[in-house]
file final_38.txt (compact mmCIF, C-alpha atoms)
# COMPACT_ATOMS: atom_id res chain seq x y z
CA MET P 200 5.86 39.09 39.93
CA SER P 201 7.81 41.32 42.23
CA LYS P 202 10.87 39.94 43.95
CA GLN P 203 10.39 42.29 46.86
CA LYS P 204 11.72 41.19 50.20
CA VAL P 205 10.86 42.22 53.69
CA TYR P 206 13.81 43.66 55.59
CA ILE P 207 13.73 43.01 59.30
CA ILE P 208 15.51 45.71 61.30
CA PRO P 209 15.87 44.97 65.00
CA CYS P 210 17.16 47.67 67.30
CA SER P 211 20.79 47.25 68.31
CA GLY P 212 20.16 47.39 72.02
CA ILE P 213 22.79 45.49 73.97
CA GLY P 214 22.22 46.81 77.46
CA LYS P 215 19.03 44.89 78.25
CA VAL P 216 17.43 41.59 77.30
CA PHE P 217 14.65 43.29 75.34
CA GLY P 218 17.10 44.14 72.57
CA SER P 219 18.25 40.52 72.55
CA ILE P 220 14.68 39.29 72.06
CA GLY P 221 14.33 41.52 69.00
CA ARG P 222 17.62 40.47 67.47
CA GLU P 223 17.03 36.77 68.14
CA SER P 224 13.55 36.91 66.64
CA ALA P 225 14.90 38.65 63.53
CA TYR P 226 17.44 35.86 63.09
CA ILE P 227 14.72 33.22 63.43
CA VAL P 228 12.63 34.93 60.74
CA VAL P 229 15.41 35.38 58.18
CA ASN P 230 17.13 32.02 58.85
CA GLU P 231 14.18 29.73 59.45
CA LEU P 232 10.63 30.97 59.09
CA LYS P 233 10.85 33.22 56.02
CA LYS P 234 14.24 32.47 54.60
CA GLU P 235 13.41 33.31 50.98
CA LYS P 236 11.21 36.30 51.67
CA SER P 237 13.15 38.26 54.27
CA ALA P 238 16.57 39.70 54.96
CA LEU P 239 18.46 41.61 57.63
CA GLU P 240 20.30 44.88 57.48
CA CYS P 241 22.46 46.64 60.06
CA LEU P 242 20.68 49.43 61.91
CA PRO P 243 23.93 51.38 62.46
CA LEU P 244 24.43 51.53 58.68
CA ILE P 245 20.93 52.93 58.27
CA VAL P 246 21.59 55.48 61.00
CA LYS P 247 24.78 56.42 59.19
CA GLY P 248 22.76 56.94 56.01
CA LYS P 249 24.59 54.43 53.80
CA LYS P 250 23.04 55.19 50.40
CA LYS P 251 23.10 51.68 48.98
CA VAL P 252 21.31 50.33 52.03
CA ILE P 253 18.77 53.16 52.16
CA ASP P 254 17.94 52.74 48.47
CA THR P 255 17.44 49.00 48.93
CA LEU P 256 15.09 49.53 51.85
CA LYS P 257 13.05 52.10 49.93
CA LEU P 258 12.44 49.53 47.21
CA ASN P 259 11.41 46.80 49.62
CA LYS P 260 9.21 46.31 52.66
CA VAL P 261 10.58 47.12 56.10
CA ILE P 262 9.68 45.85 59.58
CA ALA P 263 11.10 47.55 62.68
CA ILE P 264 11.54 45.60 65.93
CA ASP P 265 12.29 47.72 68.98
CA GLY P 266 13.24 46.82 72.51
CA CYS P 267 12.52 50.04 74.39
CA PRO P 268 10.28 53.12 74.15
CA LEU P 269 13.04 55.14 72.49
CA LYS P 270 12.32 53.06 69.37
CA CYS P 271 15.70 53.51 67.70
CA SER P 272 14.84 51.19 64.84
CA TYR P 273 11.47 52.74 64.01
CA ASN P 274 12.62 56.32 64.45
CA ASN P 275 15.81 55.91 62.49
CA LEU P 276 13.99 54.12 59.68
CA MET P 277 11.43 56.93 59.49
CA GLU P 278 14.19 59.51 59.54
CA ASN P 279 16.47 57.90 56.97
CA VAL P 280 14.26 55.67 54.81
CA GLY P 281 11.02 57.62 55.21
CA LYS P 282 8.80 54.62 55.90
CA VAL P 283 8.16 51.60 58.07
CA ASP P 284 5.67 49.01 56.81
CA ALA P 285 5.15 47.32 60.18
CA LYS P 286 6.56 47.64 63.67
CA PHE P 287 6.87 45.46 66.75
CA MET P 288 7.88 46.05 70.35
CA THR P 289 9.56 43.19 72.17
CA THR P 290 8.03 44.43 75.41
CA ASP P 291 4.59 43.56 74.00
CA ILE P 292 5.46 39.89 73.59
CA VAL P 293 6.76 39.91 77.17
CA LYS P 294 3.48 41.41 78.41
CA GLU P 295 1.49 38.84 76.45
CA ASN P 296 3.43 35.97 78.01
CA ARG P 297 3.62 36.72 81.71
CA ASP P 298 4.59 33.11 82.42
CA LEU P 299 7.78 33.55 80.40
CA ARG P 300 9.64 36.16 82.37
CA PRO P 301 12.83 36.81 80.40
CA GLU P 302 16.08 36.05 82.19
CA SER P 303 18.36 39.03 82.71
CA SER P 304 21.27 37.22 81.06
CA ILE P 305 22.11 38.64 77.65
CA MET P 306 25.04 36.45 76.80
CA PRO P 307 23.93 33.74 76.46
CA ILE P 308 20.22 34.42 76.47
CA GLY P 309 18.06 32.23 78.67
CA GLU P 310 15.41 29.66 77.78
CA HIS P 311 12.47 31.98 78.45
CA THR P 312 14.08 34.65 76.31
CA LYS P 313 14.50 32.14 73.48
CA LYS P 314 10.85 31.12 73.73
CA LEU P 315 9.75 34.75 73.68
CA ALA P 316 11.92 35.40 70.63
CA LYS P 317 10.32 32.43 68.86
CA LYS P 318 6.84 33.70 69.64
CA LEU P 319 7.69 37.16 68.37
CA ALA P 320 9.34 35.68 65.28
CA GLU P 321 6.12 33.84 64.43
CA LYS P 322 4.20 37.13 64.54
CA VAL P 323 6.81 38.87 62.43
CA ALA P 324 6.77 35.98 59.94
CA GLN P 325 3.01 36.32 59.58
CA LYS P 326 3.48 40.01 58.89
CA VAL P 327 6.08 39.19 56.23
CA ASP P 328 3.45 37.13 54.40
CA ASP P 329 0.86 39.88 54.80
CA LEU P 330 3.18 42.52 53.39
CA LEU P 331 4.05 40.42 50.36
CA LYS P 332 0.46 39.45 49.64
CA PRO P 333 -0.87 41.23 46.54
CA ASN P 334 -4.05 43.25 47.10
CA GLU P 335 -7.11 43.23 44.84
CA GLU P 336 -5.32 45.42 42.30
CA GLY P 337 -2.45 42.98 42.18
CA GLU P 338 -0.15 45.34 44.06
CA LEU P 339 1.66 44.54 47.25
CA GLU P 340 0.05 45.74 50.46
CA MET G 259 31.84 63.25 88.45
CA ARG G 260 32.92 59.64 88.80
CA LYS G 261 35.12 58.61 85.95
CA LYS G 262 33.82 56.00 83.52
CA VAL G 263 34.74 54.94 80.02
CA GLY G 264 31.90 54.63 77.50
CA ILE G 265 32.02 51.49 75.34
CA ILE G 266 30.20 51.83 72.01
CA ALA G 267 29.97 48.68 69.92
CA CYS G 268 28.72 49.01 66.35
CA SER G 269 26.60 45.95 67.13
CA GLY G 270 25.66 45.51 63.47
CA GLU G 271 23.03 42.79 63.23
CA GLU G 272 23.88 41.63 59.75
CA LEU G 273 27.53 40.80 60.27
CA LEU G 274 29.66 38.44 62.31
CA GLY G 275 31.80 41.45 63.22
CA GLY G 276 28.76 43.11 64.76
CA THR G 277 28.08 40.08 66.94
CA LEU G 278 31.72 39.92 68.03
CA SER G 279 31.66 43.64 68.84
CA ARG G 280 28.59 43.14 70.99
CA ALA G 281 30.01 40.12 72.79
CA ALA G 282 33.34 41.83 73.48
CA ALA G 283 31.54 44.91 74.83
CA ARG G 284 29.44 42.79 77.17
CA ILE G 285 32.49 40.93 78.47
CA VAL G 286 34.22 44.23 79.25
CA VAL G 287 31.30 45.84 81.06
CA GLU G 288 30.05 42.70 82.82
CA LYS G 289 33.26 40.92 83.75
CA LEU G 290 36.54 42.66 83.09
CA ARG G 291 35.95 46.31 83.99
CA SER G 292 32.45 46.49 85.39
CA GLN G 293 33.22 49.43 87.68
CA GLU G 294 35.05 51.50 85.11
CA THR G 295 32.89 51.15 81.99
CA ILE G 296 29.35 51.50 80.74
CA ILE G 297 27.78 50.54 77.42
CA LEU G 298 26.40 53.24 75.18
CA CYS G 299 23.90 52.09 72.55
CA ALA G 300 25.18 53.12 69.10
CA PRO G 301 21.88 53.81 67.30
CA LEU G 302 20.52 55.61 70.34
CA PHE G 303 23.68 57.67 70.42
CA ALA G 304 23.16 58.70 66.81
CA ALA G 305 19.43 59.23 67.21
CA GLY G 306 19.59 62.57 68.98
CA GLY G 307 16.70 64.84 68.23
CA LEU G 308 14.30 61.99 67.62
CA GLU G 309 11.48 61.00 69.93
CA ARG G 310 12.25 61.97 73.52
CA HIS G 311 15.60 63.29 72.33
CA GLY G 312 16.93 59.76 72.21
CA GLY G 313 20.68 60.11 72.11
CA GLN G 314 21.28 63.33 73.98
CA GLU G 315 22.21 61.67 77.26
CA GLU G 316 24.62 59.38 75.44
CA ARG G 317 26.15 62.27 73.52
CA ASN G 318 26.61 64.36 76.63
CA PHE G 319 28.19 61.45 78.44
CA ALA G 320 30.64 60.95 75.57
CA LYS G 321 31.53 64.63 75.62
CA GLU G 322 32.47 64.41 79.27
CA HIS G 323 34.02 60.94 79.37
CA PRO G 324 36.48 59.01 77.21
CA THR G 325 34.94 56.52 74.80
CA ILE G 326 36.11 53.36 73.05
CA THR G 327 34.33 52.37 69.84
CA ILE G 328 34.28 48.80 68.53
CA GLU G 329 33.84 48.44 64.78
CA GLY G 330 32.50 45.27 63.21
CA CYS G 331 33.39 46.31 59.67
CA GLU G 332 35.20 48.99 57.72
CA GLU G 333 32.18 51.32 57.77
CA GLU G 334 33.18 52.63 61.20
CA CYS G 335 29.57 53.42 62.15
CA ALA G 336 30.27 53.84 65.87
CA LYS G 337 33.41 55.94 65.42
CA ILE G 338 31.76 58.25 62.90
CA ALA G 339 28.78 58.84 65.21
CA VAL G 340 30.97 59.59 68.21
CA ASP G 341 33.25 61.85 66.17
CA LYS G 342 30.28 63.77 64.85
CA TYR G 343 28.38 64.32 68.07
CA SER G 344 30.86 64.20 70.92
CA GLY G 345 34.39 64.50 69.62
CA PRO G 346 36.97 61.86 68.74
CA PRO G 347 36.86 58.56 70.66
CA ALA G 348 39.84 57.78 72.85
CA ALA G 349 40.39 54.51 71.04
CA THR G 350 38.86 52.43 68.25
CA ILE G 351 38.96 48.64 68.06
CA TYR G 352 38.64 46.94 64.68
CA ILE G 353 37.17 43.44 64.88
CA GLN G 354 38.52 42.37 61.49
CA LYS G 355 42.06 42.78 62.77
CA TYR G 356 41.39 40.13 65.41
CA ILE G 357 39.62 37.80 62.98
CA ASP G 358 42.67 38.00 60.71
CA ALA G 359 45.12 37.53 63.58
CA HIS G 360 43.36 34.43 64.94
CA PRO G 361 42.37 32.22 62.01
CA GLU G 362 42.36 29.26 64.40
CA LEU G 363 39.34 30.70 66.24
CA LYS G 364 36.40 30.23 63.92
CA SER G 365 33.09 31.73 64.95
CA ILE G 366 30.11 29.61 63.95
CA SER G 367 27.86 32.40 62.68
CA ARG G 368 26.59 35.90 63.34
CA GLU G 369 23.73 34.30 65.28
CA SER G 370 25.87 32.12 67.51
CA LEU G 371 29.57 32.62 68.01
CA GLY G 372 30.21 29.19 69.48
CA GLU G 373 33.06 28.31 71.81
CA GLU G 374 35.88 29.52 69.57
CA GLY G 375 34.04 32.70 68.65
CA MET G 376 33.56 33.45 72.32
CA LYS G 377 37.28 32.91 72.90
CA LEU G 378 37.97 35.47 70.19
CA ALA G 379 35.50 37.88 71.82
CA GLU G 380 37.38 37.41 75.10
CA ILE G 381 40.71 38.23 73.42
CA ILE G 382 39.17 41.39 71.97
CA ALA G 383 37.66 42.25 75.35
CA GLU G 384 41.04 41.83 77.07
CA ASP G 385 42.53 44.40 74.71
CA ILE G 386 39.66 46.79 75.33
CA ALA G 387 40.18 46.35 79.07
CA LYS G 388 43.85 47.29 78.62
CA LYS G 389 42.79 50.43 76.77
CA VAL G 390 40.43 51.26 79.63
CA ASP G 391 43.33 50.91 82.08
CA GLU G 392 45.51 53.17 79.94
CA LEU G 393 42.81 55.82 79.96
CA PHE G 394 42.60 55.66 83.72
CA ILE G 395 46.36 55.94 84.08
CA ARG G 396 46.48 58.90 81.70
CA LYS G 397 44.11 60.98 83.84

call {"tool": "encode", "arguments": {"input": "final_38.txt", "output": "structure tokens"}}
result
Amino acid sequence: MSKQKVYIIPCSGIGKVFGSIGRESAYIVVNELKKEKSALECLPLIVKGKKKVIDTLKLNKVIAIDGCPLKCSYNNLMENVGKVDAKFMTTDIVKENRDLRPESSIMPIGEHTKKLAKKLAEKVAQKVDDLLKPNEEGELE
Amino acid sequence: MRKKVGIIACSGEELLGGTLSRAAARIVVEKLRSQETIILCAPLFAAGGLERHGGQEERNFAKEHPTITIEGCEEECAKIAVDKYSGPPAATIYIQKYIDAHPELKSISRESLGEEGMKLAEIIAEDIAKKVDELFIRK
């Protein structure tokens, strides 16, 4: 069976908390929820077009997590890798959880921000399973 | 135009150096030189021409203002992007140099720097702040 992994690529936003939610959720997925099935890669290296990284991503599944409408992760993945298998916006998880207004603090992130990251991570983890589930023909989705 | 220095951290998510670069950048723009600096997002900077012409504002800013790039590894992602789109940065900070110079300050992980890692980020940030001051004096 394939040893494909799902690469989680959060945007590198450091100016606002929405980038922090994406990065934190990516860490939760690769370190806790889907440790064996997922991995991280640096977005700046993808933007730079590092061949080894691009080739690896082409052979695996890729999830983009973005923190603002400019969608640096999604757009740069499409531009350099040519595909994105699933995408998430951190602003969506904020909208879905109005009671958890993220704190403006980025360093360290606040308790609401952590909870939002966990919620987003759970969604991303579910998507990791979906992407690695073989379809009726025995191929990955 | 009011003078500002653009701080561009590589911010690489996969590496400890990326996390240190991000932390040092935040310390500079939030605490040490909040009036003199702004953060420019590295991937957005390099993403010019994409949806809504992502990085054009960042690129134009870097053409008209001095920039300091912070590199989390030897790939020099931030420096290469600035060089390519806006001209050479005024200064480049290499995180590894600080990791090597301060073996007593051990960061816990890329996810959480911990107390010692944050001290290292502060040392890096102090040096960046000095570079900012030099750029202001030069003008």

call {"tool": "closest_atom_pairs", "arguments": {"input": "final_38.txt", "of": "segment 205-253 of chain P", "to": "segment 288-311 of chain P", "cutoff": "9 Å", "atoms": "only C-alpha atoms", "output": "CSV"}}
result
residue,atom,partner,partner_atom,distance
P:Ile213,CA,P:Ile305,CA,7.8
P:Gly214,CA,P:Ile305,CA,8.2
P:Lys215,CA,P:Ile305,CA,7.0
P:Val216,CA,P:Ile305,CA,5.5
P:Phe217,CA,P:Thr289,CA,6.0
P:Gly218,CA,P:Thr289,CA,7.6
P:Ser219,CA,P:Ile305,CA,6.7
P:Ile220,CA,P:Thr289,CA,6.4
P:Gly221,CA,P:Thr289,CA,6.0

call {"tool": "closest_atom_pairs", "arguments": {"input": "final_38.txt", "of": "chain G", "to": "chain P", "cutoff": "9 Å", "atoms": "only C-alpha atoms", "output": "CSV"}}
result
residue,atom,partner,partner_atom,distance
G:Ala267,CA,P:Ile213,CA,8.8
G:Cys268,CA,P:Pro243,CA,6.6
G:Ser269,CA,P:Ser211,CA,6.1
G:Gly270,CA,P:Cys241,CA,4.8
G:Glu271,CA,P:Cys241,CA,5.0
G:Glu272,CA,P:Cys241,CA,5.2
G:Leu273,CA,P:Cys241,CA,7.7
G:Gly276,CA,P:Cys241,CA,8.6
G:Arg280,CA,P:Ile213,CA,6.9
G:Ala281,CA,P:Met306,CA,7.4
G:Ala283,CA,P:Ile213,CA,8.8
G:Arg284,CA,P:Met306,CA,7.7
G:Ile285,CA,P:Met306,CA,8.9
G:Ile297,CA,P:Gly214,CA,6.7
G:Leu298,CA,P:Gly214,CA,8.0
G:Cys299,CA,P:Gly212,CA,6.0
G:Ala300,CA,P:Pro243,CA,7.0
G:Pro301,CA,P:Pro243,CA,5.8
G:Leu302,CA,P:Cys271,CA,5.9
G:Ala304,CA,P:Val246,CA,6.8
G:Ala305,CA,P:Asn275,CA,6.8
G:Leu308,CA,P:Asn274,CA,6.7
G:Glu309,CA,P:Leu269,CA,6.6
G:Arg310,CA,P:Leu269,CA,7.0
G:His311,CA,P:Leu269,CA,8.5
G:Gly312,CA,P:Leu269,CA,6.0
G:Glu333,CA,P:Leu244,CA,7.8
G:Cys335,CA,P:Pro243,CA,6.0
G:Ala336,CA,P:Pro243,CA,7.6
G:Ile338,CA,P:Lys247,CA,8.1
G:Ala339,CA,P:Lys247,CA,7.6
G:Glu369,CA,P:Tyr226,CA,6.8

call {"tool": "atom_distance", "arguments": {"input": "final_38.txt", "atom1": "atom CA of Ala387 of chain G", "atom2": "atom CA of Leu290 of chain G"}}
result
6.6 Å

call {"tool": "closest_residue", "arguments": {"input": "final_38.txt", "among": "G:Glu380, G:Glu392, G:Glu315, G:Glu332", "to": "Glu288 of chain G", "atoms": "all atoms listed in the file"}}
result
G:Glu380

call {"tool": "residues_around", "arguments": {"input": "final_38.txt", "residues": "Ser279 of chain G", "least_positions_apart": "6", "cutoff": "10 Å", "atoms": "only C-alpha atoms", "output": "list in words"}}
result
Ile266, Ala267, Cys268, Ser269, Gly270, Leu273, Thr327, Ile328, Glu329, Gly330, Cys331, Ile351, Tyr352, Ile353, Ala379, Ile382 and Ala383 of chain G

call {"tool": "atom_distance", "arguments": {"input": "final_38.txt", "atom1": "atom CA of Lys286 of chain P", "atom2": "atom CA of Lys326 of chain P"}}
result
9.5 Å

call {"tool": "residues_around", "arguments": {"input": "final_38.txt", "residues": "Glu374 of chain G", "least_positions_apart": "3", "cutoff": "7 Å", "atoms": "all atoms listed in the file", "output": "PyMOL selection string"}}
result
chain G and resi 363-365+377-378

call {"tool": "write_last_selection", "arguments": {"input": "final_38.txt", "atoms": "C-alpha atoms", "output": "PDB file, in the coordinates of the input"}}
result
ATOM      1  CA  LEU G 363      39.340  30.700  66.240  1.00  0.00           C
ATOM      2  CA  LYS G 364      36.400  30.230  63.920  1.00  0.00           C
ATOM      3  CA  SER G 365      33.090  31.730  64.950  1.00  0.00           C
ATOM      4  CA  LYS G 377      37.280  32.910  72.900  1.00  0.00           C
ATOM      5  CA  LEU G 378      37.970  35.470  70.190  1.00  0.00           C
TER       6      LEU G 378
END

call {"tool": "atom_distance", "arguments": {"input": "final_38.txt", "atom1": "atom CA of Lys202 of chain P", "atom2": "atom CA of Ser370 of chain G"}}
result
29.0 Å

call {"tool": "residues_around", "arguments": {"input": "final_38.txt", "residues": "Lys236 of chain P", "least_positions_apart": "4", "cutoff": "10 Å", "atoms": "only C-alpha atoms", "output": "ChimeraX atom specification"}}
result
/P:202-206,228-229,232,324,327-328,331

call {"tool": "residues_around", "arguments": {"input": "final_38.txt", "residues": "Pro324 of chain G", "least_positions_apart": "6", "cutoff": "8 Å", "atoms": "all atoms listed in the file", "output": "ChimeraX atom specification"}}
result
/G:262-264,347-348,393

call {"tool": "closest_residue", "arguments": {"input": "final_38.txt", "among": "P:Val280, P:Ala285, P:Cys267, P:Leu258", "to": "Gln325 of chain P", "atoms": "only C-alpha atoms"}}
result
P:Ala285
